[in-house]
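Undergrad: data.cif is the file, holding mmCIF, C-alpha atoms:
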```cif
data_my_file
#
loop_
_atom_site.label_atom_id
_atom_site.label_comp_id
_atom_site.auth_asym_id
_atom_site.auth_seq_id
_atom_site.Cartn_x
_atom_site.Cartn_y
_atom_site.Cartn_z
CA MET Y 944 25.68 41.03 35.20
CA GLN Y 945 23.03 41.38 37.93
CA LYS Y 946 22.00 44.86 36.69
CA LYS Y 947 21.69 43.53 33.12
CA THR Y 948 19.49 40.63 34.31
CA ILE Y 949 17.25 43.02 36.25
CA SER Y 950 16.94 45.24 33.17
CA ILE Y 951 15.87 42.32 30.96
CA VAL Y 952 13.29 41.18 33.52
CA SER Y 953 11.90 44.70 33.80
CA GLU Y 954 11.57 44.99 30.03
CA LEU Y 955 9.78 41.63 29.81
CA ARG Y 956 7.40 42.61 32.60
CA ALA Y 957 6.46 45.70 30.61
CA MET Y 958 5.47 43.55 27.63
CA ASP Y 959 2.35 41.49 27.13
CA LEU Y 960 3.87 38.18 26.06
CA ASN Y 961 0.41 36.93 25.10
CA LEU Y 962 0.77 39.19 22.08
CA LEU Y 963 3.34 36.75 20.70
CA VAL Y 964 0.62 34.10 20.36
CA ALA Y 965 -1.57 36.58 18.50
CA LEU Y 966 1.39 37.57 16.34
CA ARG Y 967 2.06 33.96 15.44
CA ALA Y 968 -1.54 33.51 14.32
CA LEU Y 969 -1.49 36.74 12.29
CA LEU Y 970 1.74 35.76 10.53
CA ASP Y 971 0.37 32.29 9.75
CA GLU Y 972 -3.14 33.28 8.69
CA ARG Y 973 -2.35 36.73 7.22
CA HIS Y 974 -5.92 37.69 8.06
CA VAL Y 975 -7.34 39.21 11.23
CA THR Y 976 -10.59 37.21 11.29
CA ARG Y 977 -8.91 33.85 10.63
CA ALA Y 978 -6.21 34.64 13.20
CA ALA Y 979 -8.94 35.39 15.75
CA GLU Y 980 -10.63 32.05 15.03
CA ALA Y 981 -7.30 30.19 15.33
CA THR Y 982 -6.60 31.63 18.78
CA GLY Y 983 -10.15 31.68 20.14
CA LEU Y 984 -10.24 35.47 20.35
CA SER Y 985 -12.99 37.70 19.10
CA GLN Y 986 -12.38 39.67 15.92
CA PRO Y 987 -12.28 43.02 17.79
CA ALA Y 988 -9.78 41.59 20.33
CA MET Y 989 -7.49 40.41 17.53
CA SER Y 990 -7.79 43.81 15.84
CA ARG Y 991 -6.69 45.50 19.09
CA ALA Y 992 -3.81 43.04 19.37
CA MET Y 993 -2.84 43.89 15.81
CA GLN Y 994 -2.71 47.61 16.64
CA ARG Y 995 -0.57 46.99 19.74
CA LEU Y 996 1.82 44.78 17.76
CA ARG Y 997 2.22 47.44 15.09
CA ALA Y 998 3.07 49.95 17.79
CA MET Y 999 5.46 47.56 19.51
CA PHE Y 1000 7.44 46.81 16.34
CA ASN Y 1001 6.88 50.22 14.72
CA ASP Y 1002 5.85 48.44 11.54
CA PRO Y 1003 2.51 47.65 9.83
CA LEU Y 1004 3.42 43.92 9.74
CA LEU Y 1005 0.49 43.10 7.40
CA VAL Y 1006 -0.28 45.21 4.32
CA LYS Y 1007 -3.15 44.84 1.89
CA SER Y 1008 -2.49 43.33 -1.51
CA GLU Y 1009 -4.50 41.96 -4.41
CA GLN Y 1010 -4.47 38.50 -2.81
CA GLY Y 1011 -5.46 39.77 0.65
CA TYR Y 1012 -2.61 40.65 3.02
CA ASP Y 1013 1.16 40.30 2.63
CA LEU Y 1014 3.86 40.34 5.30
CA THR Y 1015 6.21 43.30 5.39
CA LEU Y 1016 9.97 42.73 5.31
CA ARG Y 1017 10.05 43.34 9.06
CA ALA Y 1018 7.30 40.76 9.57
CA LEU Y 1019 9.24 38.21 7.51
CA ASP Y 1020 12.28 38.67 9.76
CA ILE Y 1021 10.08 38.40 12.86
CA ASP Y 1022 8.46 35.23 11.47
CA LEU Y 1023 11.72 33.25 11.49
CA ALA Y 1024 12.75 34.39 14.96
CA LEU Y 1025 9.28 33.90 16.44
CA ARG Y 1026 9.06 30.29 15.25
CA LYS Y 1027 12.26 29.44 17.13
CA ILE Y 1028 11.25 31.37 20.26
CA LEU Y 1029 7.85 29.68 20.56
CA SER Y 1030 9.38 26.28 19.77
CA ASP Y 1031 11.99 26.78 22.51
CA ILE Y 1032 9.29 27.79 24.99
CA GLN Y 1033 7.24 24.71 24.08
CA HIS Y 1034 10.26 22.43 24.57
CA LEU Y 1035 11.00 24.16 27.87
CA ILE Y 1036 7.53 23.36 29.18
CA VAL Y 1037 6.99 20.00 27.45
CA PRO Y 1038 10.27 18.23 26.59
CA PRO Y 1039 10.17 16.70 23.10
CA THR Y 1040 9.93 12.92 22.80
CA PHE Y 1041 12.79 11.18 21.05
CA ASP Y 1042 11.89 9.03 18.06
CA PRO Y 1043 15.01 7.11 16.95
CA ALA Y 1044 13.45 6.26 13.59
CA LEU Y 1045 13.33 10.00 12.74
CA ALA Y 1046 16.61 11.02 14.35
CA LYS Y 1047 19.32 12.55 12.16
CA GLY Y 1048 22.93 13.37 12.96
CA ASP Y 1049 26.05 11.83 14.46
CA ILE Y 1050 26.71 9.80 17.59
CA ARG Y 1051 30.24 10.27 18.94
CA ILE Y 1052 31.52 7.31 20.96
CA LEU Y 1053 34.77 7.30 22.91
CA ALA Y 1054 36.29 3.87 23.55
CA LEU Y 1055 39.47 1.82 23.65
CA ASP Y 1056 40.13 -1.10 21.30
CA TYR Y 1057 38.65 -3.76 23.58
CA GLU Y 1058 35.28 -2.04 23.94
CA LEU Y 1059 35.14 -1.36 20.20
CA VAL Y 1060 35.89 -4.99 19.34
CA VAL Y 1061 33.37 -6.41 21.79
CA LEU Y 1062 30.51 -3.88 21.82
CA LEU Y 1063 30.63 -1.77 18.66
CA PRO Y 1064 29.30 -4.44 16.25
CA LYS Y 1065 26.14 -4.83 18.34
CA ILE Y 1066 25.74 -1.06 18.66
CA VAL Y 1067 26.09 -0.56 14.90
CA SER Y 1068 23.61 -3.35 14.18
CA ARG Y 1069 20.96 -1.97 16.53
CA ILE Y 1070 21.34 1.66 15.46
CA SER Y 1071 21.19 0.65 11.78
CA LYS Y 1072 17.84 -1.03 12.43
CA GLU Y 1073 16.23 1.42 14.87
CA ALA Y 1074 17.86 4.76 13.92
CA PRO Y 1075 19.08 4.53 10.32
CA GLY Y 1076 19.51 8.30 10.09
CA LEU Y 1077 22.26 8.35 12.72
CA ASN Y 1078 25.96 8.04 11.89
CA ILE Y 1079 28.50 6.60 14.34
CA TRP Y 1080 31.91 8.15 14.97
CA THR Y 1081 34.41 6.48 17.30
CA ILE Y 1082 37.12 8.48 19.05
CA ALA Y 1083 40.24 7.25 20.85
CA PRO Y 1084 40.32 8.45 24.47
CA LYS Y 1085 43.04 10.31 26.30
CA MET Y 1086 44.33 8.86 29.52
CA ASN Y 1087 44.02 10.71 32.83
CA ALA Y 1088 46.44 10.19 35.73
CA ALA Y 1089 43.66 10.54 38.33
CA GLU Y 1090 40.99 8.23 36.84
CA GLY Y 1091 42.84 6.31 34.13
CA LEU Y 1092 40.61 7.60 31.36
CA ASP Y 1093 39.80 11.25 30.68
CA PHE Y 1094 36.03 11.68 31.10
CA SER Y 1095 36.06 15.43 30.40
CA PRO Y 1096 34.85 15.10 26.75
CA LEU Y 1097 31.65 13.46 28.06
CA ILE Y 1098 31.26 15.94 30.91
CA ASN Y 1099 31.73 18.86 28.51
CA GLY Y 1100 29.27 17.44 25.96
CA ASP Y 1101 31.85 16.89 23.20
CA ILE Y 1102 30.87 13.21 22.91
CA HIS Y 1103 27.67 11.29 23.61
CA LEU Y 1104 28.89 8.00 25.06
CA ILE Y 1105 31.94 6.33 26.62
CA LEU Y 1106 32.40 2.56 26.50
CA THR Y 1107 34.84 1.69 29.26
CA ALA Y 1108 35.55 -0.36 32.35
CA PHE Y 1109 37.18 2.64 34.00
CA GLN Y 1110 35.26 4.27 36.83
CA THR Y 1111 34.69 7.95 37.51
CA THR Y 1112 33.65 9.83 40.63
CA HIS Y 1113 31.79 12.52 38.69
CA SER Y 1114 28.19 12.64 39.91
CA GLY Y 1115 26.73 13.92 36.64
CA ILE Y 1116 27.48 10.79 34.63
CA TYR Y 1117 24.91 8.02 34.15
CA ARG Y 1118 26.43 4.53 34.06
CA GLN Y 1119 25.00 1.21 32.95
CA ARG Y 1120 26.65 -2.21 33.03
CA LEU Y 1121 26.75 -3.75 29.55
CA LEU Y 1122 29.00 -6.76 29.99
CA ASP Y 1123 30.55 -9.03 32.60
CA GLU Y 1124 33.99 -10.10 31.42
CA LYS Y 1125 36.47 -12.69 32.65
CA ASN Y 1126 40.18 -13.01 32.03
CA ILE Y 1127 41.98 -16.10 30.80
CA CYS Y 1128 45.66 -16.99 30.58
CA ILE Y 1129 46.82 -18.52 27.28
CA THR Y 1130 50.02 -20.50 26.76
CA ALA Y 1131 51.36 -22.72 24.03
CA SER Y 1132 50.41 -26.39 24.18
CA ASN Y 1133 54.09 -27.34 24.78
CA HIS Y 1134 54.34 -25.13 27.88
CA PRO Y 1135 55.55 -27.18 30.88
CA ASP Y 1136 52.49 -26.15 32.92
CA ALA Y 1137 49.97 -26.32 30.08
CA ASN Y 1138 47.89 -29.12 31.62
CA GLN Y 1139 48.33 -28.17 35.27
CA THR Y 1140 46.36 -25.94 37.60
CA LEU Y 1141 47.52 -22.34 37.28
CA THR Y 1142 48.80 -21.25 40.69
CA ASN Y 1143 50.17 -17.85 41.66
CA GLU Y 1144 53.68 -19.27 41.68
CA ARG Y 1145 53.38 -20.73 38.18
CA PHE Y 1146 51.79 -17.53 36.91
CA MET Y 1147 54.73 -15.46 38.24
CA GLN Y 1148 57.31 -17.79 36.71
CA ARG Y 1149 56.03 -17.29 33.18
CA ASP Y 1150 57.19 -14.67 30.69
CA HIS Y 1151 54.15 -12.55 29.91
CA VAL Y 1152 52.84 -10.72 26.88
CA TRP Y 1153 51.29 -7.44 28.05
CA VAL Y 1154 48.58 -5.91 25.84
CA ASN Y 1155 49.32 -2.29 26.67
CA ILE Y 1156 46.71 -0.02 25.08
CA ILE Y 1157 46.48 2.71 27.73
CA GLY Y 1158 50.05 3.97 27.92
CA PRO Y 1159 53.03 3.46 30.23
CA ASP Y 1160 51.09 3.07 33.49
CA PRO Y 1161 50.52 -0.46 34.85
CA GLY Y 1162 47.43 -2.26 33.62
CA GLN Y 1163 44.60 -3.64 35.74
CA ILE Y 1164 46.21 -7.07 36.19
CA ASP Y 1165 49.50 -5.56 37.37
CA GLN Y 1166 47.67 -3.24 39.75
CA ILE Y 1167 45.83 -6.18 41.34
CA LEU Y 1168 49.07 -8.17 41.62
CA SER Y 1169 50.80 -5.18 43.23
CA GLU Y 1170 48.04 -4.90 45.84
CA HIS Y 1171 48.91 -8.47 46.87
CA GLY Y 1172 52.66 -7.85 46.88
CA LEU Y 1173 53.17 -9.73 43.61
CA SER Y 1174 54.54 -8.85 40.20
CA ARG Y 1175 54.94 -10.65 36.88
CA ARG Y 1176 57.68 -10.62 34.27
CA THR Y 1177 56.66 -8.76 31.13
CA LYS Y 1178 58.69 -10.08 28.22
CA VAL Y 1179 56.74 -8.47 25.37
CA SER Y 1180 54.52 -5.39 25.34
CA ARG Y 1181 51.99 -4.88 22.54
CA ALA Y 1182 50.09 -1.65 21.91
CA GLN Y 1183 47.23 -3.24 19.95
CA LEU Y 1184 44.38 -5.48 20.98
CA SER Y 1185 44.63 -8.08 18.21
CA PRO Y 1186 45.27 -11.82 17.70
CA GLY Y 1187 48.97 -10.98 17.34
CA GLY Y 1188 49.47 -11.69 21.04
CA ILE Y 1189 48.19 -15.24 20.58
CA HIS Y 1190 50.54 -15.78 17.62
CA LEU Y 1191 53.46 -14.73 19.83
CA VAL Y 1192 52.44 -17.28 22.45
CA HIS Y 1193 52.04 -20.12 19.97
CA HIS Y 1194 55.22 -19.40 18.01
CA ARG Y 1195 57.64 -19.17 20.92
CA ASP Y 1196 59.77 -22.32 20.52
CA ASP Y 1197 60.12 -23.07 24.21
CA GLY Y 1198 56.45 -22.31 24.86
CA HIS Y 1199 57.16 -20.10 27.88
CA LEU Y 1200 55.21 -16.98 26.85
CA ALA Y 1201 51.81 -16.42 28.48
CA LEU Y 1202 49.06 -13.99 27.53
CA SER Y 1203 46.46 -12.81 30.03
CA CYS Y 1204 43.51 -11.49 28.07
CA HIS Y 1205 39.74 -11.10 27.83
CA PHE Y 1206 37.78 -14.25 27.10
CA THR Y 1207 35.24 -12.40 24.97
CA VAL Y 1208 37.97 -11.28 22.55
CA PHE Y 1209 40.45 -14.14 22.60
CA GLY Y 1210 38.74 -17.15 24.17
CA LYS Y 1211 37.49 -18.72 20.94
CA LYS Y 1212 40.72 -17.91 19.09
CA ALA Y 1213 42.93 -19.59 21.70
#
```
Could you render the structure from this file as structure tokens?

TA:
Amino acid sequence: MQKKTISIVSELRAMDLNLLVALRALLDERHVTRAAEATGLSQPAMSRAMQRLRAMFNDPLLVKSEQGYDLTLRALDIDLALRKILSDIQHLIVPPTFDPALAKGDIRILALDYELVVLLPKIVSRISKEAPGLNIWTIAPKMNAAEGLDFSPLINGDIHLILTAFQTTHSGIYRQRLLDEKNICITASNHPDANQTLTNERFMQRDHVWVNIIGPDPGQIDQILSEHGLSRRTKVSRAQLSPGGIHLVHHRDDGHLALSCHFTVFGKKA
């Protein structure tokens, strides 16, 4: 690999890369004098550049015709490649500015149900107004034993954005706080403790509905309880973040089911 790199560098050093600028002007103008004016060169200097380019590519590049000059087939092939090369060099030196109003393509967002319910409507609304040419694709994440959520699709560039409360130790990821959330505990109105202060003891005595959307591992609430030597009784486990958990709480005859959930999603429905 090192020998190949040295060979490429040696070949580039043997070339006059300024000739590419002259070539671009000749391909655009199809006339030596006009190409010289476009680049600020004298007509004799552009003519010499033309001769060197013909020798370099072993092709006349421009040939006389009734209308003036036409590009040869080789020149037409060079034209397409040269546009990309010079554009890449320009972007390398001066990064392009992003104009959302002109942007086209897809935005791939990875998120769990909660983040989609709470944040996606606002994202869709803003992108529709500011970047109407962009389409939004949401993708369900995979869970990772080390960090809870698998961040590798973002690290590898397969997606553009992750909406999550999970943390990662990867240094190459930019993070921004979008929302401060609080949890609430919902019970039926006929629950014996419905109008009393919720203590740890009362919380532990209840039968809980667990909204389990990340798999078999304990959720955040259970992890916090475990750190304090506590645990709760999970009576029902649901795999979807939906109002169904509230219906379970309200329709239990003895009123003993409790649902710990996000206020942003369920607070107004409770």

Undergrad: Need to verify the contact set: Lys1072 (chain Y), 12 Å, only C-alpha atoms, exclusion of same-chain residues closer than 4 positions in sequence. Can you return it as number ranges by chain?

TA: Y: 1043-1045, 1065-1068, 1076-1077

Undergrad: Export, as a PDB file, keeping the file's coordinate frame, the selected residues with C-alpha atoms.

TA:
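Output contents, as saved in again_17.pdb:
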```
ATOM      1  CA  PRO Y1043      15.010   7.110  16.950  1.00  0.00           C
ATOM      2  CA  ALA Y1044      13.450   6.260  13.590  1.00  0.00           C
ATOM      3  CA  LEU Y1045      13.330  10.000  12.740  1.00  0.00           C
ATOM      4  CA  LYS Y1065      26.140  -4.830  18.340  1.00  0.00           C
ATOM      5  CA  ILE Y1066      25.740  -1.060  18.660  1.00  0.00           C
ATOM      6  CA  VAL Y1067      26.090  -0.560  14.900  1.00  0.00           C
ATOM      7  CA  SER Y1068      23.610  -3.350  14.180  1.00  0.00           C
ATOM      8  CA  GLY Y1076      19.510   8.300  10.090  1.00  0.00           C
ATOM      9  CA  LEU Y1077      22.260   8.350  12.720  1.00  0.00           C
TER      10      LEU Y1077
END
```

Undergrad: Dump as a list of chain:residue names all residues having an atom at most 10 Å from (-1.0, 40.3, 25.1), computed in the file's coordinates with all atoms listed in the file.

TA: Y:Met958, Y:Asp959, Y:Leu960, Y:Asn961, Y:Leu962, Y:Leu963, Y:Val964, Y:Ala965, Y:Leu966, Y:Met989, Y:Arg991, Y:Ala992, Y:Arg995, Y:Leu996

Undergrad: What does the PyMOL selection byres ((chain Y and resi 1047) around 12) select in this file, as number ranges by chain?

TA: Y: 1041-1046, 1048-1050, 1070, 1073-1079

Undergrad: Restricting it to C-alpha atoms, dump the selection as a tab-separated table (two decimals), in the frame of the given file.

TA:
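Saved as out-v5.tsv:
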```tsv
chain	number	residue	atom	x	y	z
Y	1041	PHE	CA	12.79	11.18	21.05
Y	1042	ASP	CA	11.89	9.03	18.06
Y	1043	PRO	CA	15.01	7.11	16.95
Y	1044	ALA	CA	13.45	6.26	13.59
Y	1045	LEU	CA	13.33	10.00	12.74
Y	1046	ALA	CA	16.61	11.02	14.35
Y	1048	GLY	CA	22.93	13.37	12.96
Y	1049	ASP	CA	26.05	11.83	14.46
Y	1050	ILE	CA	26.71	9.80	17.59
Y	1070	ILE	CA	21.34	1.66	15.46
Y	1073	GLU	CA	16.23	1.42	14.87
Y	1074	ALA	CA	17.86	4.76	13.92
Y	1075	PRO	CA	19.08	4.53	10.32
Y	1076	GLY	CA	19.51	8.30	10.09
Y	1077	LEU	CA	22.26	8.35	12.72
Y	1078	ASN	CA	25.96	8.04	11.89
Y	1079	ILE	CA	28.50	6.60	14.34
```

Undergrad: Rank nothing, just name the residue among Y:Ala1108, Y:Arg1181, Y:Glu1144, Y:Val1152 nearest to Thr1130 (chain Y), using all atoms listed in the file.

TA: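 That would be Y:Val1152, the residue with the smallest distance to Thr1130 (chain Y).
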
Undergrad: For the provided coordinates, the residues matched by the PyMOL selection byres ((chain Y and resi 1117-1128) around 7) should be stated as a PyMOL selection string.

TA: chain Y and resi 1115-1116+1129-1130+1201-1207

Undergrad: Calculate how many Å separate CA of Gly1011 (chain Y) from CA of Leu970 (chain Y), rounding to one decimal.

TA: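 Separation between CA of Gly1011 (chain Y) and CA of Leu970 (chain Y): 12.9 Å.
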
Undergrad: Between CA of Ile1082 (chain Y) and CA of Gln1163 (chain Y), measure the distance and give it in Å to one decimal.

TA: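 Between these atoms lies a distance of 21.9 Å.
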
Undergrad: As an exercise, work out the distance from CA of Val1154 (chain Y) to CA of Pro1096 (chain Y) in Å and give it to one decimal place.

TA: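 Taking CA of Val1154 (chain Y) and CA of Pro1096 (chain Y), their separation equals 25.1 Å.
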
Undergrad: Which neighbours of Thr1112 (chain Y) fall inside 12 Å, counting only C-alpha atoms, when residues of the same chain fewer than 4 positions from it are skipped, and could you give them as a list in words?

TA: Ala1089, Glu1090, Gly1091, Leu1092, Asp1093, Phe1094, Ser1095, Ile1098, Ile1116, Tyr1117 and Arg1118 of chain Y

Undergrad: Taking only C-alpha atoms into account, name the residue in Y:Val1060, Y:Leu1055, Y:Leu969, Y:Val975 that is nearest to Leu1014 (chain Y).

TA: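 The answer is Y:Leu969, which sits nearest to Leu1014 (chain Y).
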
Undergrad: Report the residues retrieved by the PyMOL selection byres ((chain Y and resi 1019) around 12) from the displayed file, expressed as a ChimeraX atom specification.

TA: /Y:966-967,969-971,973,1002-1005,1013-1018,1020-1026

Undergrad: Between Y:His1134, Y:His1103, Y:His1199, Y:His1113, single out the one closest to Asp1150 (chain Y), counting all atoms listed in the file.

TA: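 For Asp1150 (chain Y), the nearest of the given residues is Y:His1199.
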
Undergrad: Could you tell me, as a list in words, which residues have any atom at most 7 Å from (37.3, 7.1, 24.0), counting only C-alpha atoms?

TA: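 These residues have at least one counted atom within 7 Å: Ile1052, Leu1053, Ala1054, Leu1055, Ile1082, Ala1083, Pro1084, Lys1085 and Ile1105 of chain Y.
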
Undergrad: From the coordinates I just gave you, please extract region 1029-1046 of chain Y so that only N, CA, C and O atoms remain, then output it as an mmCIF file, in the first residue's frame.

TA:
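Output file selection.cif follows:
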```cif
data_model
loop_
_atom_site.group_PDB
_atom_site.id
_atom_site.type_symbol
_atom_site.label_atom_id
_atom_site.label_comp_id
_atom_site.auth_asym_id
_atom_site.auth_seq_id
_atom_site.Cartn_x
_atom_site.Cartn_y
_atom_site.Cartn_z
ATOM 1 N N LEU Y 1029 -12.869 18.686 -10.210
ATOM 2 C CA LEU Y 1029 -12.710 20.085 -9.796
ATOM 3 C C LEU Y 1029 -13.749 20.459 -8.730
ATOM 4 O O LEU Y 1029 -13.456 21.252 -7.826
ATOM 5 N N SER Y 1030 -14.951 19.883 -8.824
ATOM 6 C CA SER Y 1030 -15.966 20.141 -7.799
ATOM 7 C C SER Y 1030 -15.526 19.568 -6.456
ATOM 8 O O SER Y 1030 -15.678 20.215 -5.415
ATOM 9 N N ASP Y 1031 -14.952 18.351 -6.486
ATOM 10 C CA ASP Y 1031 -14.471 17.735 -5.244
ATOM 11 C C ASP Y 1031 -13.337 18.555 -4.632
ATOM 12 O O ASP Y 1031 -13.266 18.724 -3.408
ATOM 13 N N ILE Y 1032 -12.442 19.057 -5.472
ATOM 14 C CA ILE Y 1032 -11.338 19.881 -4.969
ATOM 15 C C ILE Y 1032 -11.874 21.170 -4.342
ATOM 16 O O ILE Y 1032 -11.420 21.598 -3.277
ATOM 17 N N GLN Y 1033 -12.870 21.769 -4.999
ATOM 18 C CA GLN Y 1033 -13.455 23.000 -4.464
ATOM 19 C C GLN Y 1033 -14.108 22.757 -3.107
ATOM 20 O O GLN Y 1033 -13.942 23.536 -2.167
ATOM 21 N N HIS Y 1034 -14.843 21.632 -2.989
ATOM 22 C CA HIS Y 1034 -15.487 21.300 -1.716
ATOM 23 C C HIS Y 1034 -14.458 20.966 -0.642
ATOM 24 O O HIS Y 1034 -14.703 21.183 0.551
ATOM 25 N N LEU Y 1035 -13.326 20.401 -1.066
ATOM 26 C CA LEU Y 1035 -12.265 20.080 -0.117
ATOM 27 C C LEU Y 1035 -11.688 21.349 0.492
ATOM 28 O O LEU Y 1035 -11.388 21.409 1.688
ATOM 29 N N ILE Y 1036 -11.530 22.370 -0.322
ATOM 30 C CA ILE Y 1036 -10.944 23.624 0.140
ATOM 31 C C ILE Y 1036 -11.987 24.512 0.809
ATOM 32 O O ILE Y 1036 -11.763 25.058 1.894
ATOM 33 N N VAL Y 1037 -13.147 24.631 0.186
ATOM 34 C CA VAL Y 1037 -14.232 25.463 0.724
ATOM 35 C C VAL Y 1037 -15.468 24.584 0.881
ATOM 36 O O VAL Y 1037 -16.155 24.295 -0.107
ATOM 37 N N PRO Y 1038 -15.769 24.101 2.087
ATOM 38 C CA PRO Y 1038 -16.929 23.233 2.276
ATOM 39 C C PRO Y 1038 -18.213 23.922 1.799
ATOM 40 O O PRO Y 1038 -18.406 25.120 2.022
ATOM 41 N N PRO Y 1039 -19.082 23.171 1.129
ATOM 42 C CA PRO Y 1039 -20.322 23.783 0.634
ATOM 43 C C PRO Y 1039 -21.256 24.156 1.781
ATOM 44 O O PRO Y 1039 -21.276 23.500 2.827
ATOM 45 N N THR Y 1040 -22.004 25.226 1.609
ATOM 46 C CA THR Y 1040 -22.994 25.619 2.610
ATOM 47 C C THR Y 1040 -24.278 24.828 2.372
ATOM 48 O O THR Y 1040 -24.634 24.524 1.236
ATOM 49 N N PHE Y 1041 -24.940 24.492 3.456
ATOM 50 C CA PHE Y 1041 -26.165 23.699 3.362
ATOM 51 C C PHE Y 1041 -27.373 24.622 3.344
ATOM 52 O O PHE Y 1041 -27.570 25.427 4.252
ATOM 53 N N ASP Y 1042 -28.172 24.503 2.307
ATOM 54 C CA ASP Y 1042 -29.411 25.266 2.187
ATOM 55 C C ASP Y 1042 -30.572 24.284 2.286
ATOM 56 O O ASP Y 1042 -30.855 23.556 1.329
ATOM 57 N N PRO Y 1043 -31.253 24.213 3.421
ATOM 58 C CA PRO Y 1043 -32.331 23.224 3.584
ATOM 59 C C PRO Y 1043 -33.436 23.374 2.561
ATOM 60 O O PRO Y 1043 -34.057 22.387 2.170
ATOM 61 N N ALA Y 1044 -33.685 24.588 2.106
ATOM 62 C CA ALA Y 1044 -34.769 24.797 1.140
ATOM 63 C C ALA Y 1044 -34.486 24.107 -0.191
ATOM 64 O O ALA Y 1044 -35.414 23.775 -0.934
ATOM 65 N N LEU Y 1045 -33.197 23.873 -0.503
ATOM 66 C CA LEU Y 1045 -32.819 23.241 -1.768
ATOM 67 C C LEU Y 1045 -32.445 21.772 -1.612
ATOM 68 O O LEU Y 1045 -32.205 21.083 -2.602
ATOM 69 N N ALA Y 1046 -32.402 21.305 -0.376
ATOM 70 C CA ALA Y 1046 -31.941 19.939 -0.112
ATOM 71 C C ALA Y 1046 -32.925 18.906 -0.645
ATOM 72 O O ALA Y 1046 -34.141 19.082 -0.576
#
```
